[in-house]
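Q: What follows is coords06.cif; its format and atoms are mmCIF, C-alpha atoms and all ligand atoms.
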data_data
loop_
_atom_site.label_atom_id
_atom_site.label_comp_id
_atom_site.auth_asym_id
_atom_site.auth_seq_id
_atom_site.Cartn_x
_atom_site.Cartn_y
_atom_site.Cartn_z
CA MET Y 259 -63.22 51.45 51.90
CA LYS Y 260 -60.74 48.64 51.95
CA GLN Y 261 -60.11 46.53 54.98
CA ARG Y 262 -56.99 44.54 55.00
CA LYS Y 263 -55.61 41.52 56.70
CA HIS Y 264 -52.12 40.26 56.89
CA ARG Y 265 -51.26 36.67 57.64
CA HIS Y 266 -47.84 36.38 59.14
CA ARG Y 267 -45.56 33.44 58.53
CA GLY Y 268 -41.82 33.53 59.20
CA PRO Y 269 -40.48 37.09 58.86
CA TYR Y 270 -38.37 36.20 55.80
CA GLU Y 271 -41.01 34.11 54.04
CA PRO Y 272 -43.49 35.47 51.47
CA GLN Y 273 -46.37 37.31 53.14
CA THR Y 274 -49.99 36.84 52.16
CA LEU Y 275 -52.05 39.99 52.17
CA THR Y 276 -55.82 39.70 51.99
CA ARG Y 277 -57.47 42.70 50.49
CA ALA Y 278 -61.18 43.23 50.95
CA VAL Y 279 -63.46 44.94 48.50
CA THR Y 280 -66.35 46.22 50.59
CA HIS Y 281 -69.63 48.06 50.12
CA ILE Y 282 -71.02 46.08 47.22
CA ARG Y 283 -74.74 46.60 47.44
CA LEU Y 284 -77.10 43.68 46.96
CA GLU Y 285 -80.07 44.85 44.99
CA ALA Y 286 -82.57 42.29 43.93
CA ALA Y 287 -85.27 43.33 41.53
CA ASN Y 288 -87.59 41.08 43.49
CA ALA Y 289 -87.81 42.30 47.09
CA GLY Y 290 -89.02 38.86 48.23
CA LYS Y 291 -85.55 37.48 47.60
CA LEU Y 292 -83.92 39.65 50.20
CA THR Y 293 -86.74 38.85 52.62
CA ALA Y 294 -85.66 35.21 52.39
CA LEU Y 295 -82.16 36.36 53.31
CA ASP Y 296 -83.60 38.24 56.31
CA ALA Y 297 -85.37 35.09 57.43
CA LEU Y 298 -82.13 33.16 57.18
CA ALA Y 299 -80.26 35.77 59.22
CA GLN Y 300 -82.91 35.63 61.92
CA VAL Y 301 -82.05 32.03 62.72
CA TYR Y 302 -78.37 32.18 61.79
CA LEU Y 303 -77.44 34.93 64.24
CA PRO Y 304 -78.93 33.36 67.42
CA LEU Y 305 -77.31 30.02 66.53
CA CYS Y 306 -73.93 31.67 65.99
CA GLN Y 307 -74.39 33.47 69.33
CA GLN Y 308 -75.01 30.16 71.15
CA TYR Y 309 -71.69 28.79 69.90
CA VAL Y 310 -69.88 32.08 70.67
CA THR Y 311 -71.07 31.81 74.26
CA LEU Y 312 -70.12 28.12 74.41
CA PHE Y 313 -66.62 28.77 73.01
CA CYS Y 314 -66.03 31.72 75.33
CA THR Y 315 -67.08 29.85 78.46
CA GLU Y 316 -67.21 26.05 78.59
CA GLU Y 317 -65.18 24.94 75.60
CA ARG Y 318 -62.13 25.97 73.62
CA PRO Y 319 -63.06 27.41 70.21
CA ASN Y 320 -63.24 24.60 67.65
CA LYS Y 321 -64.09 25.40 64.04
CA VAL Y 322 -65.05 21.83 63.26
CA ARG Y 323 -66.94 21.05 66.46
CA ALA Y 324 -69.81 18.54 66.23
CA GLN Y 325 -73.20 20.22 66.05
CA LEU Y 326 -74.75 20.74 69.45
CA PHE Y 327 -77.77 23.05 69.22
CA ALA Y 328 -81.03 22.53 67.37
CA THR Y 329 -81.76 24.78 64.43
CA PRO Y 330 -83.92 24.92 61.31
CA LEU Y 331 -80.74 25.68 59.33
CA SER Y 332 -79.22 23.12 56.99
CA GLU Y 333 -76.22 21.13 58.13
CA ARG Y 334 -73.95 23.20 55.87
CA TRP Y 335 -75.19 26.50 57.28
CA HIS Y 336 -74.84 25.07 60.77
CA ARG Y 337 -71.16 24.33 60.09
CA VAL Y 338 -70.66 27.87 58.80
CA ALA Y 339 -72.16 29.27 62.02
CA ILE Y 340 -69.84 27.12 64.16
CA GLN Y 341 -66.82 28.23 62.14
CA GLN Y 342 -67.68 31.92 62.44
CA ALA Y 343 -68.42 31.60 66.17
CA ALA Y 344 -65.07 29.86 66.76
CA GLY Y 345 -63.28 32.76 65.03
CA ILE Y 346 -65.08 35.37 67.12
CA ALA Y 347 -64.48 33.47 70.38
CA GLN Y 348 -60.81 32.89 69.56
CA SER Y 349 -60.04 36.57 69.06
CA TRP Y 350 -62.05 37.45 72.18
CA ARG Y 351 -60.04 34.91 74.20
CA THR Y 352 -56.74 36.17 72.78
CA ASN Y 353 -57.57 39.79 73.57
CA ARG Y 354 -58.80 38.90 77.04
CA ALA Y 355 -55.67 36.87 77.80
CA GLN Y 356 -53.52 39.78 76.61
CA ALA Y 357 -55.45 42.21 78.80
CA TYR Y 358 -55.11 39.86 81.77
CA GLN Y 359 -51.35 39.62 81.21
CA ASP Y 360 -51.20 43.42 81.11
CA TYR Y 361 -53.10 43.53 84.39
CA ALA Y 362 -50.68 41.02 85.94
CA ASP Y 363 -47.74 43.15 84.74
CA ASP Y 364 -49.35 46.29 86.17
CA LEU Y 365 -49.83 44.50 89.47
CA LEU Y 366 -46.18 43.42 89.51
CA ASP Y 367 -45.11 47.02 88.82
CA TYR Y 368 -47.36 48.24 91.58
CA HIS Y 369 -45.94 45.86 94.20
CA GLU Y 370 -42.39 46.58 93.05
CA GLN Y 371 -42.94 50.29 93.53
CA GLU Y 372 -44.66 49.63 96.84
CA THR Y 373 -41.61 47.71 98.08
CA GLU Y 374 -39.26 50.42 96.83
CA GLY Y 375 -41.47 53.12 98.34
CA THR Y 376 -41.74 54.90 94.99
CA LEU Y 377 -45.52 54.75 94.56
CA ASP Y 378 -47.10 57.95 93.29
CA ALA Y 379 -49.36 59.65 95.79
CA GLY Y 380 -52.90 58.36 95.30
CA ALA Y 381 -51.79 55.32 93.29
CA GLN Y 382 -54.23 52.44 93.58
CA GLU Y 383 -53.66 48.74 93.31
CA PRO Y 384 -54.72 47.60 89.81
CA THR Y 385 -57.91 45.52 89.78
CA TRP Y 386 -59.25 43.05 87.25
CA ARG Y 387 -62.78 43.31 85.94
CA GLU Y 388 -64.00 40.23 84.11
CA TRP Y 389 -64.91 40.73 80.43
CA HIS Y 390 -68.40 40.33 79.03
CA ILE Y 391 -69.05 37.59 76.49
CA PRO Y 392 -69.36 39.13 73.01
CA VAL Y 393 -72.90 39.83 71.87
CA LEU Y 394 -73.64 39.70 68.15
CA ARG Y 395 -75.65 42.82 67.47
CA GLN Y 396 -75.05 43.40 63.80
CA THR Y 397 -75.98 40.90 61.15
CA CYS Y 398 -72.74 39.68 59.65
CA ILE Y 399 -72.47 36.31 57.92
CA GLN Y 400 -69.08 34.93 56.97
CA ALA Y 401 -70.09 32.35 54.42
CA ASN Y 402 -68.06 29.83 52.45
CA ALA Y 403 -68.61 28.19 49.09
CA ASN Y 404 -70.72 25.44 50.66
CA VAL Y 405 -73.58 27.84 51.23
CA VAL Y 406 -72.90 30.89 49.08
CA GLU Y 407 -71.49 30.68 45.61
CA LEU Y 408 -70.24 33.52 43.48
CA GLU Y 409 -70.21 33.03 39.72
CA PRO Y 410 -69.37 35.46 36.93
CA SER Y 411 -72.35 36.38 34.84
CA GLU Y 412 -71.73 35.82 31.14
CA ASP Y 413 -75.04 36.70 29.63
CA SER Y 414 -76.46 39.67 31.52
CA THR Y 415 -75.69 43.24 32.45
CA PHE Y 416 -74.72 42.00 35.92
CA ASP Y 417 -71.18 41.12 36.92
CA TYR Y 418 -71.88 38.10 39.14
CA TRP Y 419 -74.58 35.83 40.38
CA LEU Y 420 -74.68 35.05 44.06
CA THR Y 421 -76.31 31.71 44.81
CA ILE Y 422 -77.37 31.40 48.44
CA SER Y 423 -78.79 28.30 50.10
CA THR Y 424 -81.88 29.10 52.15
CA LEU Y 425 -83.95 27.64 54.94
CA ALA Y 426 -86.14 25.83 52.45
CA PHE Y 427 -84.77 22.46 51.41
CA ARG Y 428 -82.93 22.61 48.06
CA LYS Y 429 -84.28 26.05 47.39
CA GLN Y 430 -81.66 28.57 46.45
CA LEU Y 431 -81.68 32.33 46.15
CA LEU Y 432 -80.17 33.76 43.01
CA ILE Y 433 -79.13 37.35 43.52
CA PRO Y 434 -77.52 39.46 40.80
CA VAL Y 435 -74.44 41.48 41.77
CA LYS Y 436 -73.66 44.69 39.99
CA LEU Y 437 -70.26 46.21 40.65
CA ALA Y 438 -69.40 49.87 40.66
CA ALA Y 439 -66.60 50.91 38.30
CA TYR Y 440 -64.08 51.15 41.17
CA HIS Y 441 -65.05 47.68 42.44
CA ARG Y 442 -64.49 46.28 38.95
CA GLU Y 443 -61.11 48.00 38.74
CA ALA Y 444 -60.07 46.64 42.16
CA LEU Y 445 -61.05 43.07 41.25
CA LYS Y 446 -59.62 43.09 37.73
CA ASP Y 447 -57.57 39.93 37.00
CA LYS Y 448 -57.80 38.84 40.67
CA ALA Y 449 -58.67 35.38 41.91
CA ILE Y 450 -61.56 36.17 44.24
CA ASN Y 451 -61.64 34.14 47.47
CA SER Y 452 -64.53 31.75 47.77
CA SER Y 453 -65.51 32.98 51.25
CA VAL Y 454 -67.67 36.07 51.19
CA THR Y 455 -69.18 38.26 53.88
CA LEU Y 456 -72.80 39.39 53.94
CA ASN Y 457 -73.72 42.36 56.10
CA LYS Y 458 -77.11 43.75 56.86
CA ARG Y 459 -77.40 47.35 57.89
CA GLY Y 460 -80.36 49.68 58.19
CA ASP Y 461 -80.25 50.39 54.50
CA GLY Y 462 -80.08 46.84 53.19
CA TRP Y 463 -77.69 44.00 52.45
CA TRP Y 464 -74.06 44.47 51.50
CA LEU Y 465 -71.48 42.09 50.13
CA THR Y 466 -67.73 41.99 50.80
CA LEU Y 467 -65.40 40.13 48.46
CA SER Y 468 -61.68 39.58 48.96
CA TYR Y 469 -58.59 38.37 47.18
CA ASP Y 470 -55.11 37.30 48.28
CA LYS Y 471 -51.82 38.74 47.21
CA VAL Y 472 -48.52 36.99 47.94
CA ILE Y 473 -45.52 39.26 48.31
CA PRO Y 474 -41.97 37.89 48.57
CA VAL Y 475 -39.71 39.34 51.27
CA HIS Y 476 -36.56 40.98 49.89
CA THR Y 477 -34.76 41.31 53.22
CA ALA Y 478 -32.06 38.79 54.14
CA PRO Y 479 -31.71 37.74 57.79
CA SER Y 480 -28.24 39.33 57.70
CA ALA Y 481 -29.58 42.76 56.65
CA PRO Y 482 -28.79 45.68 58.97
CA VAL Y 483 -31.37 46.13 61.74
CA VAL Y 484 -33.13 49.36 62.56
CA GLY Y 485 -34.92 49.51 65.93
CA VAL Y 486 -38.14 51.53 66.23
CA ASP Y 487 -39.50 53.04 69.43
CA VAL Y 488 -43.15 54.13 69.35
CA GLY Y 489 -44.20 57.18 71.31
CA ILE Y 490 -46.11 60.41 71.67
CA ALA Y 491 -43.47 63.12 71.43
CA ASN Y 492 -42.34 61.29 68.31
CA PHE Y 493 -44.52 58.67 66.65
CA LEU Y 494 -41.38 56.80 65.67
CA THR Y 495 -37.79 57.13 66.82
CA THR Y 496 -35.29 54.92 65.00
CA SER Y 497 -32.11 53.55 66.55
CA ASP Y 498 -30.03 55.74 64.21
CA GLY Y 499 -31.55 58.79 65.87
CA LYS Y 500 -34.17 59.83 63.31
CA ARG Y 501 -37.65 60.95 64.33
CA TYR Y 502 -40.93 60.80 62.47
CA GLY Y 503 -44.21 62.55 63.24
CA THR Y 504 -45.55 63.83 66.56
CA PHE Y 505 -48.73 64.22 68.59
CA HIS Y 506 -47.53 67.59 69.79
CA GLY Y 507 -48.02 70.85 67.95
CA LYS Y 508 -50.98 71.02 65.58
CA LEU Y 509 -52.54 67.68 66.50
CA ARG Y 510 -52.46 68.50 70.16
CA GLU Y 511 -54.03 71.92 69.56
CA ARG Y 512 -56.83 70.27 67.59
CA GLN Y 513 -57.36 67.71 70.31
CA LYS Y 514 -57.65 70.46 72.94
CA ARG Y 515 -60.20 72.36 70.87
CA ASP Y 516 -62.20 69.18 70.37
CA ARG Y 517 -62.23 68.41 74.09
CA GLU Y 518 -63.44 71.92 74.87
CA LYS Y 519 -66.24 71.55 72.36
CA ARG Y 520 -67.36 68.25 73.85
CA ARG Y 521 -67.33 69.71 77.33
CA ARG Y 522 -69.55 72.59 76.22
CA LYS Y 523 -71.93 70.18 74.51
CA ALA Y 524 -72.19 68.00 77.63
CA LYS Y 525 -73.02 71.08 79.70
CA LEU Y 526 -75.68 72.10 77.23
CA ARG Y 527 -77.21 68.61 77.35
CA LYS Y 528 -77.40 68.67 81.12
CA CYS Y 529 -79.01 72.08 81.03
CA LEU Y 530 -81.61 71.02 78.46
CA GLU Y 531 -82.29 67.80 80.30
CA LYS Y 532 -83.18 69.74 83.42
CA LYS Y 533 -85.61 71.82 81.43
CA GLY Y 534 -87.28 68.64 80.21
CA VAL Y 535 -86.24 68.95 76.58
CA LYS Y 536 -86.71 65.57 74.88
CA LYS Y 537 -84.51 65.89 71.82
CA LEU Y 538 -80.96 66.40 73.06
CA PRO Y 539 -77.92 67.21 70.93
CA SER Y 540 -75.77 64.14 70.36
CA THR Y 541 -72.61 63.68 72.39
CA SER Y 542 -70.68 62.01 69.61
CA SER Y 543 -68.33 64.50 68.13
CA ARG Y 544 -67.86 64.67 64.42
CA SER Y 545 -64.77 66.80 64.82
CA GLY Y 546 -63.44 64.10 67.15
CA GLN Y 547 -63.81 61.49 64.43
CA ARG Y 548 -62.17 63.85 61.97
CA LEU Y 549 -59.31 64.34 64.37
CA ALA Y 550 -58.83 60.60 64.87
CA ARG Y 551 -58.71 60.15 61.10
CA HIS Y 552 -56.23 62.98 60.83
CA VAL Y 553 -54.01 61.38 63.48
CA ARG Y 554 -54.05 58.06 61.64
CA GLN Y 555 -53.08 59.80 58.40
CA SER Y 556 -50.18 61.53 60.15
CA ILE Y 557 -49.09 58.16 61.55
CA ASN Y 558 -49.29 56.54 58.11
CA ARG Y 559 -47.16 59.30 56.63
CA ALA Y 560 -44.56 58.97 59.39
CA VAL Y 561 -44.35 55.18 59.03
CA ASN Y 562 -44.11 55.44 55.25
CA GLN Y 563 -41.27 57.91 55.50
CA SER Y 564 -39.33 55.77 57.96
CA PHE Y 565 -39.47 52.85 55.51
CA THR Y 566 -38.43 55.01 52.57
CA GLU Y 567 -35.43 56.28 54.50
CA HIS Y 568 -34.30 52.82 55.64
CA GLN Y 569 -34.26 50.81 52.46
CA GLY Y 570 -32.35 47.54 52.69
CA CYS Y 571 -32.85 47.35 56.46
CA GLN Y 572 -34.99 45.02 58.51
CA PHE Y 573 -37.19 46.53 61.20
CA ALA Y 574 -37.39 45.60 64.88
CA TYR Y 575 -40.38 47.11 66.65
CA GLU Y 576 -42.13 46.64 69.93
CA HIS Y 577 -45.06 44.54 70.85
CA LEU Y 578 -47.09 47.31 72.48
CA SER Y 579 -49.10 46.02 75.40
CA VAL Y 580 -51.95 48.00 76.88
CA ALA Y 581 -49.76 48.56 79.94
CA THR Y 582 -46.94 50.00 77.82
CA MET Y 583 -49.39 52.20 75.97
CA LYS Y 584 -50.79 53.47 79.25
CA TYR Y 585 -47.29 54.13 80.49
CA LYS Y 586 -46.37 56.02 77.34
CA ALA Y 587 -49.60 57.98 77.33
CA ARG Y 588 -49.38 58.85 81.01
CA ALA Y 589 -47.85 62.25 80.35
CA MET Y 590 -50.94 63.24 78.39
CA ASN Y 591 -53.37 61.06 80.28
CA ALA Y 592 -55.75 60.93 77.36
CA TYR Y 593 -57.27 57.78 75.97
CA LEU Y 594 -57.10 59.16 72.46
CA TYR Y 595 -53.33 58.94 72.52
CA ALA Y 596 -53.28 55.37 73.76
CA SER Y 597 -55.72 54.16 71.12
CA ASN Y 598 -53.74 55.85 68.39
CA LEU Y 599 -50.47 54.44 69.67
CA ALA Y 600 -51.83 50.99 68.92
CA HIS Y 601 -52.27 52.01 65.28
CA ILE Y 602 -48.52 52.54 64.84
CA PRO Y 603 -47.28 48.92 65.16
CA LYS Y 604 -50.15 47.77 62.93
CA GLN Y 605 -49.08 50.28 60.34
CA ILE Y 606 -45.45 49.14 60.59
CA ALA Y 607 -46.49 45.50 60.00
CA TRP Y 608 -48.68 46.48 57.08
CA ASN Y 609 -46.04 48.69 55.43
CA ALA Y 610 -43.41 45.99 55.78
CA ALA Y 611 -45.66 43.29 54.29
CA LYS Y 612 -46.66 45.56 51.42
CA ARG Y 613 -43.06 46.42 50.59
CA GLY Y 614 -41.64 42.94 51.09
CA VAL Y 615 -39.49 44.08 54.02
CA ALA Y 616 -38.89 41.95 57.12
CA ALA Y 617 -40.30 43.53 60.29
CA ILE Y 618 -40.00 41.61 63.53
CA ARG Y 619 -41.84 42.31 66.75
CA VAL Y 620 -39.71 42.05 69.85
CA ARG Y 621 -40.59 42.06 73.56
CA SER Y 622 -40.66 45.61 74.80
CA ALA Y 623 -40.63 45.06 78.56
CA TYR Y 624 -38.18 47.45 80.26
CA SER Y 625 -36.90 48.74 76.89
CA SER Y 626 -37.42 52.27 78.19
CA GLN Y 627 -35.75 51.63 81.57
CA GLU Y 628 -32.79 49.52 80.39
CA CYS Y 629 -29.48 51.32 79.83
CA SER Y 630 -28.34 50.58 76.28
CA VAL Y 631 -24.69 50.72 77.43
CA CYS Y 632 -24.48 48.81 80.73
CA TYR Y 633 -27.90 47.07 80.88
CA TYR Y 634 -28.71 48.60 84.28
CA THR Y 635 -32.51 48.60 84.43
CA HIS Y 636 -34.36 50.90 86.77
CA ARG Y 637 -37.31 53.24 86.73
CA LYS Y 638 -35.08 55.99 88.08
CA ASN Y 639 -33.01 55.92 84.88
CA ARG Y 640 -35.84 58.08 83.57
CA PRO Y 641 -35.74 61.37 85.49
CA ASN Y 642 -38.48 62.62 83.14
CA GLN Y 643 -40.41 61.60 80.04
CA GLN Y 644 -37.78 62.77 77.52
CA THR Y 645 -34.54 61.96 79.28
CA PHE Y 646 -32.65 58.77 79.85
CA CYS Y 647 -29.82 59.03 82.36
CA CYS Y 648 -28.24 55.83 83.68
CA ARG Y 649 -27.80 55.84 87.48
CA VAL Y 650 -24.75 53.56 87.20
CA CYS Y 651 -22.66 54.37 84.12
CA GLY Y 652 -24.02 57.87 83.57
CA PHE Y 653 -24.94 57.28 79.91
CA SER Y 654 -27.40 59.98 78.95
CA THR Y 655 -29.49 60.53 75.82
CA HIS Y 656 -33.03 61.10 74.60
CA ALA Y 657 -35.23 58.45 76.22
CA ASP Y 658 -36.83 57.35 72.93
CA LEU Y 659 -33.44 56.88 71.28
CA ASN Y 660 -32.17 54.74 74.17
CA ALA Y 661 -35.32 52.58 73.85
CA ALA Y 662 -34.94 52.29 70.05
CA ILE Y 663 -31.35 51.04 70.48
CA ASN Y 664 -32.54 48.42 73.00
CA ILE Y 665 -35.27 47.31 70.61
CA GLU Y 666 -32.77 47.02 67.76
CA ARG Y 667 -30.59 44.80 69.93
CA ARG Y 668 -33.50 42.57 70.94
CA LEU Y 669 -33.97 41.31 67.39
CA GLY Y 670 -32.30 37.91 67.45
CA ASP Y 671 -31.89 37.98 71.25
CA ALA Y 672 -33.24 34.45 71.73
CA GLU Y 673 -32.48 34.42 75.45
CA LEU Y 674 -34.66 37.47 76.07
CA GLN Y 675 -37.46 36.34 73.75
CA ALA Y 676 -37.65 33.06 75.68
CA CYS Y 677 -38.28 34.79 79.01
CA LYS Y 678 -41.46 33.59 80.65
CA ASP Y 679 -42.66 36.95 81.92
CA LYS Y 680 -41.66 40.51 82.74
CA ALA Y 681 -39.95 39.52 85.98
CA ALA Y 682 -37.74 37.05 84.09
CA ILE Y 683 -36.75 39.77 81.61
CA LYS Y 684 -35.76 42.09 84.45
CA ALA Y 685 -33.69 39.34 86.07
CA LEU Y 686 -31.91 38.64 82.78
CA LEU Y 687 -31.11 42.30 82.19
CA MET Y 688 -29.71 42.70 85.71
CA GLN Y 689 -27.60 39.57 85.23
CA ARG Y 690 -26.18 41.14 82.05
CA HIS Y 691 -25.53 44.32 83.97
CA ARG Y 692 -23.51 42.47 86.61
CA LYS Y 693 -21.49 40.81 83.84
CA TRP Y 694 -20.91 44.19 82.20
CA LYS Y 695 -19.62 45.58 85.51
CA GLN Y 696 -17.18 42.70 85.92
CA GLN Y 697 -15.87 43.03 82.36
CA ASN Y 698 -15.39 46.77 82.71
CA GLY Y 699 -13.77 46.66 86.13
CA TRP Y 700 -16.64 48.50 87.75
CA PRO Y 701 -16.69 48.40 91.56
ZN ZN X 1 -25.70 52.43 82.09
#
Go through the file and emit its structure as C-alpha cells.

A:
Amino acid sequence: MKQRKHRHRGPYEPQTLTRAVTHIRLEAANAGKLTALDALAQVYLPLCQQYVTLFCTEERPNKVRAQLFATPLSERWHRVAIQQAAGIAQSWRTNRAQAYQDYADDLLDYHEQETEGTLDAGAQEPTWREWHIPVLRQTCIQANANVVELEPSEDSTFDYWLTISTLAFRKQLLIPVKLAAYHREALKDKAINSSVTLNKRGDGWWLTLSYDKVIPVHTAPSAPVVGVDVGIANFLTTSDGKRYGTFHGKLRERQKRDREKRRRKAKLRKCLEKKGVKKLPSTSSRSGQRLARHVRQSINRAVNQSFTEHQGCQFAYEHLSVATMKYKARAMNAYLYASNLAHIPKQIAWNAAKRGVAAIRVRSAYSSQECSVCYYTHRKNRPNQQTFCCRVCGFSTHADLNAAINIERRLGDAELQACKDKAAIKALLMQRHRKWKQQNGWP
C-alpha cells in the first residue's frame, strides 16, 4: 500500500508530492538485534508521550524545544522524540480547533434558527465535549538520519543496510533490508528521503521509506475556473452543470444490506451473551469495510473523470467543515456518508497535484443558501435537498448546481476569503444583495 502526502505551496507553484513505500519487513538473521530495537521502543514511546501531553496542554508544539524529561535515550534520540511529539500535537491541535470552529458555527446556526422560529422539532442546542489528549498505542518511530541511517548494500544479497543507534553508548544495530520486487520497482532511480518510519506490529518490525516528486503546475492564474460542489446525490457537481458519481443506487443498496447484517449480528451477540456464551461473534463488519473501499473507489473514479473532462481549467472546491458535512449528510443521517464526503476534497487535491493542475479551496459557508443571481442568502431558498429557489428573484435550479456556481465565483473573491467568520460572510452576501437590488431597480 502506498500512503501519500502532498505539501501545498501557492496554487500555481510546483507541488511536492511525497510518496511512501510501506510494508518493508525487517528480518534480522539474529533475533537479538530486533530485541534491542524493542528495548529502544520501550523507552522511546513513553518519552514521546510525555512531550505529546506537554504540547497538547501547557505548551505550543515546538519541534526544537529544549529537553525537559529524563530518559536513558541519547540526546539525538531525545530530539527525534520531541520532533515527532510536536508533529502529533500540532495536528491534534489543528483538528481540535477546526472541530471547535464547527461547533461555534453550529451554535450560531442554532440561535439564528431559534430567533427566526425555524428550529426543527426536537432540535437541541449543540454542546462541546472536550477532546482527549492523544495516547500513543502503536509503536511508530519517525526517525531521521541522526539516529537511523539507510545505506545501499554493495556487496551482499541485501538491498540496504539500516544502521540504528541504540540505548548502549556508541553501539549500533546493523539490520539488513531486503526489498520485494515491487518495492525495488517503486524506488528505482528515486532519491530516498533520509527520514524513515519504523513500525512495530504483532508480527514484527516494518520499515517505511519515502521519496519526493516535484510536479510543475501547468495552469495559469487566468485559466477558466470550474467550481465543484461536493454532495451525496452527486459526488461532484461542476459549475457547467455536469455530475459525477452518486451515493444513491447501487451503493445505497449495499449500505442498507450491510446495516441489516450488522443489526442481526448485534442481536445475536446479545442473545448469546444472555446465555453466558464467552466467545462472541465480532461486531466489526468485513462487508462494511469492503463497502467503504468500494465507495472510495467510486469517488476516485468520479474525481478522475471530472479532471479529464475539464482540461485546461483550474478548480475551485469547498473547504468541507464537519458542520457542512453533517448538513449535507442530514438527508441520509448516516455517518458513513459524512466520512466519505471528506474523502472527496482530499481526492480533488491529490488529483490536481498529480496532474499539475491548480485547485484552490474556497470558503463554503452559505454556498448552498446563497442565490447565484442576486446574492440573497437564506435557508428558505432551499425548499428541499435538491432544489434551489430564490425567495427574492425567483431564480430556480438544481441546488448542487447553484452551489457549484457560487464556489466558482468565490475563487479570487478576496473580500469573502478575508471574512473573519460565518457571520461576516453572511453580512457581506446580504450587502451584495442590497447592491444588486439597487442596480436592478428592485423595490
Ligand atoms: Zn436570487

Q: Can I get the residues close to ligand ZN 1 (chain X) as a PyMOL selection string, where close means within 8 Å and we count only C-alpha atoms and all ligand atoms?

A: chain Y and resi 628-634+647-653

Q: May I ask for the distance between atom CA of Ile422 of chain Y and atom CA of Glu407 of chain Y, given in Å to one decimal place?

A: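 Here the two named atoms are 6.6 Å from each other.
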
Q: Atom CA of Arg613 of chain Y to atom CA of Ala574 of chain Y: how many Å, to one decimal?

A: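 So the answer is 15.4 Å.
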
Q: Enumerate, in order of chain and increasing residue number, the residues of segment 393-415 of chain Y with an atom no farther than 8 Å from segment 336-358 of chain Y, each with its shortest atom pair and distance in Å to one decimal, counting only C-alpha atoms, as a Markdown table.

A:
| residue | atom | partner | partner_atom | distance |
| --- | --- | --- | --- | --- |
| Y:Ile399 | CA | Y:Gln342 | CA | 7.9 |
| Y:Gln400 | CA | Y:Gln342 | CA | 6.4 |
| Y:Ala401 | CA | Y:Val338 | CA | 6.3 |
| Y:Asn402 | CA | Y:Val338 | CA | 7.1 |

Q: Write a file of the selected residues as a PDB file, in the coordinates of the input, keeping C-alpha atoms.

A:
ATOM      1  CA  ILE Y 399     -72.470  36.310  57.920  1.00  0.00           C
ATOM      2  CA  GLN Y 400     -69.080  34.930  56.970  1.00  0.00           C
ATOM      3  CA  ALA Y 401     -70.090  32.350  54.420  1.00  0.00           C
ATOM      4  CA  ASN Y 402     -68.060  29.830  52.450  1.00  0.00           C
TER       5      ASN Y 402
END

Q: If you measure from atom CA of Trp386 of chain Y to atom CA of Glu372 of chain Y, what distance in Å do you get, rounded to one decimal?

A: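 Between these atoms lies a distance of 18.7 Å.
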
Q: Using only C-alpha atoms, which residue out of Y:Trp335, Y:Trp694, Y:Phe565, Y:Tyr270 lies closest to Ser423 of chain Y?

A: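 Nearest to Ser423 of chain Y: Y:Trp335.
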
Q: Please report as a Markdown table every residue of segment 549-570 of chain Y lying within 12 Å of segment 466-490 of chain Y, along with the nearest atom pair and their distance in Å (one decimal), using all atoms listed in the file.

A:
| residue | atom | partner | partner_atom | distance |
| --- | --- | --- | --- | --- |
| Y:Val553 | CA | Y:Ile490 | CA | 11.4 |
| Y:Ile557 | CA | Y:Val488 | CA | 10.6 |
| Y:Ala560 | CA | Y:Val488 | CA | 11.2 |
| Y:Val561 | CA | Y:Val486 | CA | 10.2 |
| Y:Ser564 | CA | Y:Val486 | CA | 9.4 |
| Y:Phe565 | CA | Y:Val484 | CA | 10.1 |
| Y:Glu567 | CA | Y:Val484 | CA | 10.9 |
| Y:His568 | CA | Y:Val484 | CA | 7.8 |
| Y:Gln569 | CA | Y:Thr477 | CA | 9.5 |
| Y:Gly570 | CA | Y:Thr477 | CA | 6.7 |

Q: Could the residues in this selection be written to a file with C-alpha atoms, as a PDB file, in the frame of the given file?

A:
ATOM      1  CA  VAL Y 553     -54.010  61.380  63.480  1.00  0.00           C
ATOM      2  CA  ILE Y 557     -49.090  58.160  61.550  1.00  0.00           C
ATOM      3  CA  ALA Y 560     -44.560  58.970  59.390  1.00  0.00           C
ATOM      4  CA  VAL Y 561     -44.350  55.180  59.030  1.00  0.00           C
ATOM      5  CA  SER Y 564     -39.330  55.770  57.960  1.00  0.00           C
ATOM      6  CA  PHE Y 565     -39.470  52.850  55.510  1.00  0.00           C
ATOM      7  CA  GLU Y 567     -35.430  56.280  54.500  1.00  0.00           C
ATOM      8  CA  HIS Y 568     -34.300  52.820  55.640  1.00  0.00           C
ATOM      9  CA  GLN Y 569     -34.260  50.810  52.460  1.00  0.00           C
ATOM     10  CA  GLY Y 570     -32.350  47.540  52.690  1.00  0.00           C
TER      11      GLY Y 570
END

Q: Taking all atoms listed in the file into account, which of Y:Leu431, Y:Lys612, Y:Gly290, Y:Gln308 comes nearest Thr274 of chain Y?

A: Y:Lys612

Q: With only C-alpha atoms as the atoms that count, which of Y:Arg283, Y:His369, Y:Arg334, Y:His441 lies nearest to Leu456 of chain Y?

A: Y:Arg283

Q: So which residues fall inside 12 Å of (-57.5, 52.0, 89.7) if we count all atoms listed in the file? Mind giving them as a PyMOL selection string?

A: chain Y and resi 361+364-365+368+380-387

Q: Which residue, Y:Thr315, Y:Thr635, Y:Thr329, Y:Gln644, has the smallest gap to Ala685 of chain Y when you use all atoms listed in the file?

A: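 The answer is Y:Thr635, which sits nearest to Ala685 of chain Y.
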
Q: Within 6 Å of (-36.4, 46.2, 57.6), all atoms listed in the file: residues as a PyMOL selection string?

A: chain Y and resi 571-573+615-617

Q: Kindly indicate which residue among Y:Arg554, Y:Asp417, Y:Arg668, Y:Ala657 lies nearest to Leu445 of chain Y, using all atoms listed in the file for the distances.

A: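 Checking each candidate against Leu445 of chain Y, we get Y:Asp417 as the closest.
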